[in-house]
Amino acid sequence: MDILTRGIGSYTSFTPPEQRALDIRGLTKVFGGLRAVSNFTMDVPYGGLYGLIGPNGAGKTTVFNMVTGIYDATEGSILFEGQELGGLPPHQITRRGIARTFQNIRLFQNLTVLDNVRIAYHAHAGYNLLEAITRLGRYGRQERQLTERAQDFLAVFGLQDRQMELARNLPYGEQRRLEIARALAAHPKLLLLDEPAAGMNPAEVETLMELIRFIHDEFNLTILLIEHQMRVVMGICEWITVMDFGQVIARGTSEQIRNNEDVIVAYLGRAQGREL
Amino acid sequence: MKRFPLPSWIPTLAVGLLIFVGVQLARNTGSISAYRYQVFQIALITSMSALGLNLIYGFNGQFSLGHIGFYAIGAYGSALITKDYVSSWSGSRAGALSWMIAAQIGVVAALVFLRLIRLDRLRKRVASHTSQYLKGHEVRLVSTLPVLLVVAATIAVALLLTQGLHLVLDRTLSSLMAMLPRQVGQHVVFVLAILTGGTMAALVAYLVGLPLLRLGSDYFGIATLGFAIMVFTALQNSDLVIETMKGARGMVAIPVWTNWSWVVGVFVVLVVILRNLLRSSHGRGIISVREDEIAAQTMGVDVNQLKTLAFTIGGLFAGVAGALYAHLYGFLHPSTFSIVKGFDPLIIIVLGGLGSMTGTVLAGVGVVVLIEELRVILPQGFEDWRFVIYPIILLLVMLLRSQGIMGTSEWGWFRAPLPPEREIPIPSRTPRASTQLTQSEDA
């Protein structure tokens, strides 16, 4: 079974098209003269917990930015539940069911923990501007419901006692958790996690991995995870795609990736490759 | 201390009423001069305009230098309406009013129509049909042409619509005005003038914001500065179009209808609108744009829509404030709306705290009263020193408290309401619990 080959030339997916939640074909992004992502192809089945790894600057985050609409792809297509996402603005992509977290945490620093989560309900607030200004109609009921839902969400992540604190005053680990809670509050079907373990110590990484497994089962999610640290992805991902210099260099289960020549070279360089 | 379950709006309302009644009584008994009475009014008017700018810059994070332009539009627009009512400069008592209403309906109709027909689709269709015969830049040119034609045709139709509407409105409104007794008619016209001044400014803000808000913050600031300069230049030469605006000589004979009650009444309405807006889902969205635009987008917030909303409402506030200003002295001069004056609301919101309604009102009233009081306090011949003392105070505040007087905190009813107290149910399955579960299964 030739699955660990370079590029997409000989790549055939195991997942039949109708079972793919996310289906990326031939995605390319050019910044000036730099090909940040080149002919990138991968798919994630419904309910999958997949990983995307690679050394620094391999183009992983650029892929996420294209999927979430922050960048327009130079070439290629991104299908989510069979529908093309190319050209859609980010907020519409989110409303279709894709949420993400960021490598360098992007919380609303000067808002409370509760408000951070409540913003995720912005698109489904259920009252219009006039009702908001006059406080008539659906405002009261909807706002109370929305607040309670946000509080319940915080409780799942153990942040219920922090709800009135400013996000910037939370310790690092809780900020990470809040960012995941906020992303989940948008009711995504696909969650993109961009280096969730960045800056964490081994014990925290352990807790995080449990958390990711938990939300994957509890919320019935499809998860695509970028990670820089091999240990995290190896531990939880069912299937791993490895990128280097904007291209896919390998795909497989953690076992296959661990022993893959190209991956070892990409991470450690040729001379030390044998030592791993 | 035991928590006193007093709703936050009661102390706020009490303080407001106290100030309102206090100033009015002091004027009626002659404790404060007519001049001081006017200073209080201009202080609140300036605060209204500054609140609008705080929504744009402090809450939504869009650095705008064009605020004075909207203030000017509200002032001159409403002045034309009321002056028409008292002196029929346009030949009809409702001429200016019906022109402005008709023009706004025309513009809104054109905007709605252009949005409904989806010009980008037309453009794409033309582009896809011609792309096999033509080069890239030629395709762009050819596909833009029909779009421009459609827009031009829409504008022409909108102009016709405006013309027709004006005729109808003018007839009905002037006969209605003739029916109303003088006392009632004056109030009705004043309300209409304030509203129209506000909506004119809001509509212009919407049109200006549509292309400009795509720019980043600093570029947006410079672009809006350009808008303010355009308005200023237009006002200086306004007599070429409408004789009664008198251009650089200044518009005179505007009825002096603004008084303390009007100012406080309008102020309360605006403050309630702003506070309720900010403490809603829309308001949270507006603030999230300031905090982190990319994160806001990925949370499903339509950033462009909310920027336009904040900018439009900010413009509305400035327009309404301008309308009250126009009827305070009965005289308008372009120099009041120069770019230098345009920095006043900016100074006020930075001084009061970007993102604080309370701070803006405190700073707005404080700055205006301070400058005018210094004129009285300083000895004869030293009045100009107030523009030395005032900047020194500004410098000191910025050095000692760079986040402004209030920072982002609020007082009383303006504060974000606490979520209702309730027992938050802890779900049976939390991340911790799930680990224990797997462990027990293993065992």
# chains A, B, ... in the order shown; residues from 1 in each chain; ligands from 1

$ closest_atom_pairs --of "chain A" --to "chain B" --cutoff "7 Å" --atoms "only C-alpha atoms" --output "tab-separated table"
residue	atom	partner	partner_atom	distance
A:Pro90	CA	B:Gln297	CA	5.6
A:His91	CA	B:Gly300	CA	4.0
A:Gln92	CA	B:Gly300	CA	6.5
A:Thr94	CA	B:Gly300	CA	5.1
A:Arg95	CA	B:Gly300	CA	5.8
A:Ala99	CA	B:Thr298	CA	6.6
A:Arg106	CA	B:Ala295	CA	6.1
A:Phe108	CA	B:Glu291	CA	5.2
A:Gln109	CA	B:Glu291	CA	6.7
A:Ile119	CA	B:Gly285	CA	6.4
A:Ala120	CA	B:Met299	CA	5.3
A:His122	CA	B:Ser281	CA	5.8
A:Ala123	CA	B:Gly300	CA	6.2
A:Ala125	CA	B:Ser281	CA	6.5
A:Ala132	CA	B:Ser280	CA	6.0
A:Ile133	CA	B:Asn276	CA	5.0
A:Gln151	CA	B:Ile424	CA	6.9
A:Asp152	CA	B:Ile424	CA	6.5
A:Ala155	CA	B:Ile426	CA	5.7
A:Val156	CA	B:Thr430	CA	5.5
A:Phe157	CA	B:Thr430	CA	6.9
A:Ala186	CA	B:Met299	CA	6.6
A:Glu210	CA	B:Pro431	CA	6.7
A:Leu211	CA	B:Pro431	CA	5.4
A:Phe214	CA	B:Pro431	CA	5.8

$ select_by_dssp --residues "region 4-247 of chain A" --states "helix (DSSP H, G or I)" --output "PyMOL selection string"
chain A and resi 17-19+60-67+90-96+113-124+129-134+139-156+160-162+167-169+172-185+202-218+230-236

$ closest_residue --among "B:Tyr133, B:Phe414, B:Tyr206, B:Phe20" --to "Leu306 (chain B)" --atoms "only C-alpha atoms"
B:Tyr206

$ residues_around --residues "Gly412 (chain B)" --least-positions-apart "3" --cutoff "8 Å" --atoms "only C-alpha atoms" --output "PyMOL selection string"
chain B and resi 8-9+11-12+415

$ write_last_selection --atoms "N, CA and C atoms" --output "tab-separated table (two decimals), in the first residue's frame"
chain	number	residue	atom	x	y	z
B	8	SER	N	-29.38	49.59	39.18
B	8	SER	CA	-28.35	50.59	38.90
B	8	SER	C	-28.91	51.84	38.24
B	9	TRP	N	-30.11	51.74	37.65
B	9	TRP	CA	-30.60	52.94	36.95
B	9	TRP	C	-31.14	53.99	37.90
B	11	PRO	N	-29.85	55.36	40.96
B	11	PRO	CA	-28.91	56.45	41.25
B	11	PRO	C	-28.55	57.26	40.01
B	12	THR	N	-28.43	56.60	38.87
B	12	THR	CA	-28.07	57.32	37.65
B	12	THR	C	-29.16	58.32	37.29
B	415	ARG	N	-22.72	50.71	33.42
B	415	ARG	CA	-21.91	49.51	33.60
B	415	ARG	C	-22.62	48.30	33.00
